[in-house]
Structures are given as structure tokens and as C-alpha cells.
>>> print(open('coords_20.cif').read())   # mmCIF, C-alpha atoms and all ligand atoms
data_target
loop_
_atom_site.label_atom_id
_atom_site.label_comp_id
_atom_site.auth_asym_id
_atom_site.auth_seq_id
_atom_site.Cartn_x
_atom_site.Cartn_y
_atom_site.Cartn_z
CA MET A 1 14.73 30.98 14.33
CA ILE A 2 11.95 28.83 15.77
CA LEU A 3 10.01 28.46 12.55
CA GLN A 4 10.99 29.00 8.95
CA ALA A 5 8.55 28.13 6.17
CA LYS A 6 9.54 28.85 2.58
CA ASN A 7 7.32 28.77 -0.49
CA LEU A 8 4.85 26.23 0.85
CA SER A 9 2.17 25.02 -1.53
CA LYS A 10 -0.68 22.57 -1.10
CA SER A 11 -3.50 21.38 -3.33
CA PHE A 12 -6.23 18.81 -2.83
CA LYS A 13 -7.86 16.71 -5.51
CA SER A 14 -11.48 16.55 -4.54
CA PRO A 15 -12.04 15.50 -7.39
CA GLU A 16 -10.93 18.65 -9.20
CA LYS A 17 -7.66 20.13 -8.10
CA VAL A 18 -8.11 22.89 -5.51
CA THR A 19 -5.06 24.97 -4.64
CA VAL A 20 -5.35 25.86 -0.98
CA LEU A 21 -1.86 27.26 -0.43
CA ALA A 22 -0.15 28.80 -3.45
CA ASP A 23 3.08 30.21 -2.06
CA VAL A 24 3.32 30.79 1.66
CA SER A 25 6.46 31.85 3.50
CA LEU A 26 6.62 32.69 7.19
CA GLU A 27 9.35 33.10 9.76
CA ALA A 28 8.95 33.33 13.50
CA GLU A 29 11.39 33.99 16.32
CA ALA A 30 11.10 33.07 19.97
CA GLY A 31 8.59 35.22 21.85
CA GLU A 32 6.61 36.30 18.78
CA SER A 33 2.87 35.81 18.52
CA ILE A 34 1.38 35.66 15.05
CA ALA A 35 -2.32 35.79 14.15
CA ILE A 36 -3.57 34.37 10.85
CA CYS A 37 -7.06 35.53 9.94
CA GLY A 38 -9.15 34.62 6.93
CA ARG A 39 -12.51 33.43 5.72
CA SER A 40 -13.64 29.88 6.25
CA GLY A 41 -12.17 27.54 3.64
CA GLU A 42 -9.15 29.72 2.83
CA GLY A 43 -6.75 27.08 4.13
CA LYS A 44 -5.92 28.27 7.65
CA THR A 45 -6.21 24.82 9.22
CA THR A 46 -4.27 23.27 6.36
CA LEU A 47 -1.46 25.79 6.88
CA LEU A 48 -1.39 25.23 10.63
CA HIS A 49 -1.29 21.45 10.11
CA ILE A 50 1.62 21.81 7.69
CA LEU A 51 3.51 24.09 10.12
CA GLY A 52 2.85 21.49 12.82
CA THR A 53 4.13 18.61 10.64
CA LEU A 54 0.70 16.94 10.75
CA GLU A 55 0.37 17.34 6.98
CA LYS A 56 2.93 17.47 4.18
CA PRO A 57 3.15 20.39 1.75
CA ASP A 58 3.33 19.59 -1.99
CA SER A 59 6.38 21.79 -2.24
CA GLY A 60 8.38 24.20 -0.15
CA GLU A 61 10.58 23.88 2.88
CA LEU A 62 9.93 23.91 6.58
CA SER A 63 12.32 24.02 9.49
CA ILE A 64 11.52 23.93 13.16
CA GLY A 65 14.13 25.14 15.63
CA GLY A 66 16.72 25.18 12.84
CA THR A 67 16.09 21.56 11.84
CA SER A 68 14.74 20.92 8.37
CA VAL A 69 11.57 18.79 8.51
CA THR A 70 11.86 15.55 6.51
CA PRO A 71 9.54 12.53 6.22
CA PHE A 72 11.70 10.87 8.88
CA ASN A 73 11.93 13.45 11.64
CA GLY A 74 8.49 15.13 11.52
CA ALA A 75 6.90 13.08 14.29
CA GLU A 76 9.84 13.51 16.62
CA LEU A 77 10.07 17.27 16.03
CA ARG A 78 6.36 17.54 16.67
CA ARG A 79 6.58 15.60 19.94
CA LYS A 80 9.55 17.56 21.23
CA LYS A 81 8.96 21.06 19.94
CA ILE A 82 5.29 21.68 19.20
CA GLY A 83 2.16 22.08 21.32
CA PHE A 84 -1.33 22.22 19.77
CA VAL A 85 -4.53 23.89 20.90
CA PHE A 86 -7.67 23.09 18.87
CA GLN A 87 -11.01 24.82 18.54
CA SER A 88 -12.85 21.76 19.84
CA TYR A 89 -10.35 21.14 22.69
CA ASN A 90 -9.71 17.45 21.79
CA LEU A 91 -9.63 16.27 25.39
CA LEU A 92 -10.26 12.65 26.31
CA GLU A 93 -13.64 13.13 27.95
CA ASP A 94 -13.57 10.15 30.33
CA PHE A 95 -10.15 11.02 31.72
CA THR A 96 -9.55 13.63 34.40
CA THR A 97 -8.15 17.06 33.65
CA LEU A 98 -4.80 16.06 35.17
CA GLU A 99 -4.70 12.79 33.18
CA ASN A 100 -5.37 14.76 30.00
CA ILE A 101 -2.45 17.09 30.74
CA LEU A 102 -0.16 14.11 31.26
CA MET A 103 -1.45 12.18 28.22
CA PRO A 104 1.14 13.40 25.67
CA ALA A 105 3.95 12.34 28.02
CA ARG A 106 2.25 8.99 28.63
CA ILE A 107 1.87 8.36 24.91
CA ALA A 108 5.50 9.32 24.30
CA ARG A 109 6.51 7.06 27.25
CA ARG A 110 8.21 9.94 28.97
CA PRO A 111 8.31 10.19 32.76
CA LEU A 112 5.14 11.81 34.09
CA ASP A 113 5.77 15.09 35.89
CA GLN A 114 2.66 15.45 38.01
CA LYS A 115 4.02 18.45 39.91
CA ARG A 116 4.60 20.35 36.69
CA ALA A 117 1.14 19.44 35.40
CA LEU A 118 -0.46 20.70 38.61
CA ALA A 119 1.55 23.94 38.45
CA LEU A 120 0.28 24.48 34.89
CA LEU A 121 -3.30 23.80 35.98
CA ASP A 122 -2.82 26.36 38.72
CA GLU A 123 -1.47 28.86 36.18
CA VAL A 124 -4.56 28.52 33.98
CA GLY A 125 -6.82 28.69 37.04
CA LEU A 126 -7.97 25.09 36.95
CA LEU A 127 -6.29 23.50 39.95
CA ASP A 128 -9.62 22.81 41.66
CA ARG A 129 -10.74 20.84 38.57
CA ALA A 130 -7.64 18.60 38.39
CA HIS A 131 -9.54 15.46 39.33
CA PHE A 132 -12.77 16.18 37.43
CA GLN A 133 -13.46 14.16 34.30
CA ALA A 134 -12.99 16.37 31.25
CA LYS A 135 -16.62 15.86 30.22
CA LEU A 136 -17.72 17.74 33.34
CA LEU A 137 -15.80 20.91 32.40
CA SER A 138 -17.29 23.98 30.71
CA GLY A 139 -15.99 25.04 27.28
CA GLY A 140 -13.70 27.67 28.76
CA GLU A 141 -12.38 25.22 31.33
CA LYS A 142 -11.75 22.63 28.62
CA GLN A 143 -9.74 25.13 26.61
CA ARG A 144 -7.73 26.10 29.70
CA ALA A 145 -6.97 22.40 30.20
CA ALA A 146 -5.96 22.14 26.53
CA ILE A 147 -3.58 25.10 26.94
CA ALA A 148 -2.00 23.48 30.00
CA ARG A 149 -1.67 20.23 28.02
CA ALA A 150 0.01 22.03 25.11
CA LEU A 151 2.51 23.64 27.49
CA CYS A 152 3.28 20.57 29.58
CA ASN A 153 5.99 19.34 27.27
CA ASP A 154 7.62 22.81 27.20
CA PRO A 155 7.35 23.19 23.39
CA ASP A 156 9.16 25.99 21.53
CA LEU A 157 6.21 26.48 19.22
CA LEU A 158 2.53 26.70 20.15
CA LEU A 159 -0.02 26.32 17.34
CA ALA A 160 -3.65 27.20 18.03
CA ASP A 161 -6.51 26.70 15.56
CA GLU A 162 -9.41 29.05 16.38
CA PRO A 163 -8.78 28.56 20.11
CA THR A 164 -11.66 30.84 21.10
CA GLY A 165 -14.00 29.85 18.25
CA ASN A 166 -16.44 27.86 20.39
CA LEU A 167 -16.55 30.25 23.34
CA ASP A 168 -18.77 33.16 24.30
CA ARG A 169 -17.20 36.58 24.08
CA ALA A 170 -16.22 37.07 27.71
CA THR A 171 -14.76 33.58 27.99
CA ALA A 172 -13.01 33.99 24.64
CA ARG A 173 -11.28 37.10 25.91
CA GLN A 174 -10.19 35.33 29.08
CA ILE A 175 -8.84 32.29 27.18
CA GLY A 176 -7.09 34.51 24.62
CA GLU A 177 -5.35 36.40 27.39
CA ILE A 178 -4.28 33.18 29.14
CA LEU A 179 -2.92 31.76 25.89
CA ILE A 180 -0.96 34.89 24.95
CA ALA A 181 0.33 35.44 28.48
CA SER A 182 1.45 31.84 28.96
CA ALA A 183 3.40 31.93 25.67
CA LYS A 184 4.91 35.36 26.33
CA LYS A 185 6.00 34.51 29.86
CA ARG A 186 8.02 31.56 28.53
CA ASN A 187 9.30 33.39 25.45
CA LYS A 188 7.56 30.80 23.24
CA THR A 189 6.44 31.34 19.67
CA LEU A 190 2.68 31.33 19.24
CA ILE A 191 0.94 31.02 15.88
CA LEU A 192 -2.82 31.16 16.00
CA VAL A 193 -5.62 31.10 13.50
CA THR A 194 -8.62 33.19 14.47
CA HIS A 195 -11.71 35.12 13.42
CA ASP A 196 -11.54 36.98 16.70
CA GLN A 197 -10.26 40.52 16.05
CA GLU A 198 -9.71 41.13 19.76
CA LEU A 199 -7.47 38.09 19.97
CA ALA A 200 -5.61 39.00 16.76
CA ALA A 201 -5.01 42.47 18.18
CA LEU A 202 -3.12 40.97 21.14
CA CYS A 203 -0.57 39.34 18.81
CA THR A 204 2.71 40.93 17.75
CA ARG A 205 2.07 40.25 14.00
CA ARG A 206 -1.07 39.72 11.93
CA TYR A 207 -1.74 38.21 8.51
CA THR A 208 -4.71 37.33 6.38
CA LEU A 209 -4.73 34.16 4.32
CA ALA A 210 -6.65 34.61 1.07
CA GLY A 211 -6.30 33.08 -2.37
CA GLY A 212 -3.52 30.83 -1.10
CA LEU A 213 -1.31 33.75 -0.05
CA LEU A 214 -0.45 35.33 3.29
CA ASN A 215 -0.72 39.11 3.43
CA LYS A 216 0.77 41.02 6.31
CA LEU A 217 -1.58 43.43 8.07
CA LEU A 218 -0.17 46.63 9.45
N1 LIG B 301 -8.01 16.35 3.16
C1 LIG B 301 -8.65 17.16 2.30
N2 LIG B 301 -9.07 16.73 1.10
C2 LIG B 301 -9.69 17.54 0.22
N3 LIG B 301 -9.95 18.84 0.46
C3 LIG B 301 -9.56 19.33 1.65
C4 LIG B 301 -8.89 18.54 2.64
N4 LIG B 301 -8.63 19.32 3.72
C5 LIG B 301 -9.11 20.54 3.42
N5 LIG B 301 -9.66 20.57 2.18
C6 LIG B 301 -10.24 21.74 1.51
O1 LIG B 301 -9.29 22.77 1.53
C7 LIG B 301 -9.89 24.02 1.77
C8 LIG B 301 -9.28 24.69 2.98
O2 LIG B 301 -9.65 24.00 4.15
P1 LIG B 301 -9.17 24.44 5.61
O3 LIG B 301 -7.70 24.45 5.65
O4 LIG B 301 -9.86 23.57 6.59
O5 LIG B 301 -9.73 25.94 5.67
P2 LIG B 301 -10.03 26.90 6.92
O6 LIG B 301 -9.40 26.31 8.13
O7 LIG B 301 -9.44 28.23 6.51
O8 LIG B 301 -11.52 26.99 7.02
C9 LIG B 301 -11.38 23.77 1.90
O9 LIG B 301 -11.98 24.02 0.66
C10 LIG B 301 -11.45 22.29 2.24
O10 LIG B 301 -12.63 21.74 1.81
MG MG B 302 -10.12 25.74 9.93
#
>>> encode(input="coords_20.cif", output="C-alpha cells")
Amino acid sequence: MILQAKNLSKSFKSPEKVTVLADVSLEAEAGESIAICGRSGEGKTTLLHILGTLEKPDSGELSIGGTSVTPFNGAELRRKKIGFVFQSYNLLEDFTTLENILMPARIARRPLDQKRALALLDEVGLLDRAHFQAKLLSGGEKQRAAIARALCNDPDLLLADEPTGNLDRATARQIGEILIASAKKRNKTLILVTHDQELAALCTRRYTLAGGLLNKLL
């Protein structure tokens, strides 16, 4: 099992207590793609951050790749096993596309595998932009770079938060297909949050998040 989340809950005090996640359980195997849909403010980003060990739940259990997440191993599990794709790309704008792909390895002080990074850029159709500064890329190109960056470390789990949310429809479709295909080809687990019905339809399982609960869609 790549991901096992049991009875997660999360509230914020802002200043009144708001329960964002009431009781959320989710399991995912290698090769599955899961779409989580839901209205703005229902807690999709919060859930994705908890699954990605970026935020702590108030209660519940989470394991990644069979290892239970604790306050001590979250960062390491995240570095080794999880890749993130964000709605707003989160590239370093003054660095080149290639440098952005290699940034997670650089930060983790791992050896830089330039050949692998270039192969990933080729796979997402961005090889001819390898040496462009990220700020010169279009939205679709930035998201392709972000997908290559998320894959560079060969993570078991890919988490994507509204990955097509800032893109026009045609580009969104293209990026959605690249994301799904790149995960499927490697037998990775993909969990994405989206408003995009076309993208959700490409996933192997779909849920809505509402009132702090996940409901499976048939
Ligand atoms: N750090 C925080 N402190 C207080 N409230 C927060 C915090 N993060 C998110 N929230 C609130 O939790 C709710 C869910 O937010 P979010 O997970 O971003 O929803 P979504 O991604 O579905 O739009 C929102 O009402 C938001 O204002
Ligand atoms: Mg969100």
C-alpha cells in the first residue's frame, strides 16, 4: 500500500473553531489515480497537505509506503517518496527550467542527475526550453516543468493541487494527459484535487470532499 490514511481530522481556530476534515480515510495502491473534487473552501488543499506530510492532522493515522508518519520522519518520507504539483507551479522564476528540475536534489544535497532531468523534460515536451529562465515560460510550459520536477526524484506518490486550475481548456487537457500518463507509465500513485471534470474522468477513482467527509463517486 502506497498510502493509507485513517480517520484524519483537522480543525482551524480562526478565531472560532472550523472543522475542515471531520473523518477522512483513504487508501491508495501503486498505479492508482484518485481525483478529489469539491467546492472552494471544503478542505481539499488541507487534505492534500496532510497526505503530503506538509501539515499535521489533529487526529488519525497516516502511512506512506507502509511507514507510519511521525513528527520525526515526515520530512524524510516527503523528500524520498512524494512529488508535488501545485496550481501556481511554484517554480523559481530566475532559474532555468533545468535548474528548477534539479532544485529538489540540490536542496537535499543529492547528486544531480542532469541526464535524467533532460530525459524528463523531453518526456513532457520541454527539452527545447531547458535553458530558458522559468519566468519566460507560458503557464502550460511551467506546469510541464513542475511535473518533470515532481518526477525527478522518482517518488512513489504524486500529489497535485488543482494542476490545471490556471490553464485554458486546451492546455489543461494537455497537461492533465501528461500528468496522468507520466504517473501511469511508472506505476506511481497519483492523488489530485481538481474542479476539472475532464481531468477527474481520466482518474481510476473519484471522490468529493464536502462537510469534512470524502464521498466516493461511482
Ligand atoms: N492555516 C489556516 N488557518 C486557519 N484557517 C485555515 C488555514 N488553512 C485553511 N483554512 C481554512 O480551512 C478551509 C479549507 O481550506 P482549503 O483546504 O484551502 O480549501 P480548498 O482547497 O478546498 O479550497 C477554508 O475555510 C480556509 O479558510
Ligand atoms: Mg485549495
>>> residues_around(input="coords_20.cif", residues="range 26-37 of chain A", least_positions_apart="4", cutoff="6 Å", atoms="only C-alpha atoms", output="ChimeraX atom specification")
/A:1-5,184,187-195,200,203-208
>>> closest_residue(input="coords_20.cif", among="A:Gln133, A:Ser182, A:Ser25, A:Thr19", to="Asn215 in chain A", atoms="all atoms listed in the file")
A:Ser25
>>> atom_distance(input="coords_20.cif", atom1="CA of Lys56 in chain A", atom2="CA of Lys10 in chain A")
8.2 Å
>>> residues_near_ligand(input="coords_20.cif", ligand="ligand MG 302 (chain B)", cutoff="12 Å", atoms="all atoms listed in the file", output="short mmCIF file (atom, residue, chain, number, x, y, z; two decimals) with C-alpha atoms, in the frame of the given file")
data_model
loop_
_atom_site.label_atom_id
_atom_site.label_comp_id
_atom_site.auth_asym_id
_atom_site.auth_seq_id
_atom_site.Cartn_x
_atom_site.Cartn_y
_atom_site.Cartn_z
CA VAL A 20 -5.35 25.86 -0.98
CA ILE A 36 -3.57 34.37 10.85
CA CYS A 37 -7.06 35.53 9.94
CA GLY A 38 -9.15 34.62 6.93
CA ARG A 39 -12.51 33.43 5.72
CA SER A 40 -13.64 29.88 6.25
CA GLY A 41 -12.17 27.54 3.64
CA GLU A 42 -9.15 29.72 2.83
CA GLY A 43 -6.75 27.08 4.13
CA LYS A 44 -5.92 28.27 7.65
CA THR A 45 -6.21 24.82 9.22
CA THR A 46 -4.27 23.27 6.36
CA LEU A 47 -1.46 25.79 6.88
CA LEU A 48 -1.39 25.23 10.63
CA HIS A 49 -1.29 21.45 10.11
CA PHE A 86 -7.67 23.09 18.87
CA GLN A 87 -11.01 24.82 18.54
CA SER A 88 -12.85 21.76 19.84
CA ALA A 160 -3.65 27.20 18.03
CA ASP A 161 -6.51 26.70 15.56
CA GLU A 162 -9.41 29.05 16.38
CA PRO A 163 -8.78 28.56 20.11
CA GLY A 165 -14.00 29.85 18.25
CA LEU A 192 -2.82 31.16 16.00
CA VAL A 193 -5.62 31.10 13.50
CA THR A 194 -8.62 33.19 14.47
CA HIS A 195 -11.71 35.12 13.42
CA LEU A 209 -4.73 34.16 4.32
#
>>> closest_residue(input="coords_20.cif", among="A:Ala130, A:Ala108, A:Leu213, A:Ala117", to="ligand LIG 301 (chain B)", atoms="all atoms listed in the file")
A:Leu213
>>> closest_residue(input="coords_20.cif", among="A:Ala181, A:Val85, A:Leu62, A:Ile50", to="Glu123 in chain A", atoms="all atoms listed in the file")
A:Ala181
>>> closest_residue(input="coords_20.cif", among="A:Arg169, A:Lys6, A:His131, A:Lys17", to="Ser59 in chain A", atoms="only C-alpha atoms")
A:Lys6
>>> atom_distance(input="coords_20.cif", atom1="atom C3 of ligand LIG 301 (chain B)", atom2="CA of Leu8 in chain A")
16.0 Å
>>> residues_around(input="coords_20.cif", residues="range 144-150 of chain A", least_positions_apart="2", cutoff="9 Å", atoms="all atoms listed in the file", output="PyMOL selection string")
chain A and resi 82-86+89-91+97-98+100-104+117+120-121+123-126+134+139-142+152-155+158-159+175+178-179+182
>>> atom_distance(input="coords_20.cif", atom1="CA of Pro71 in chain A", atom2="atom O10 of ligand LIG 301 (chain B)")
24.4 Å
>>> closest_residue(input="coords_20.cif", among="A:Ile107, A:Leu136, A:Ala210, A:Leu199", to="ligand LIG 301 (chain B)", atoms="all atoms listed in the file")
A:Ala210
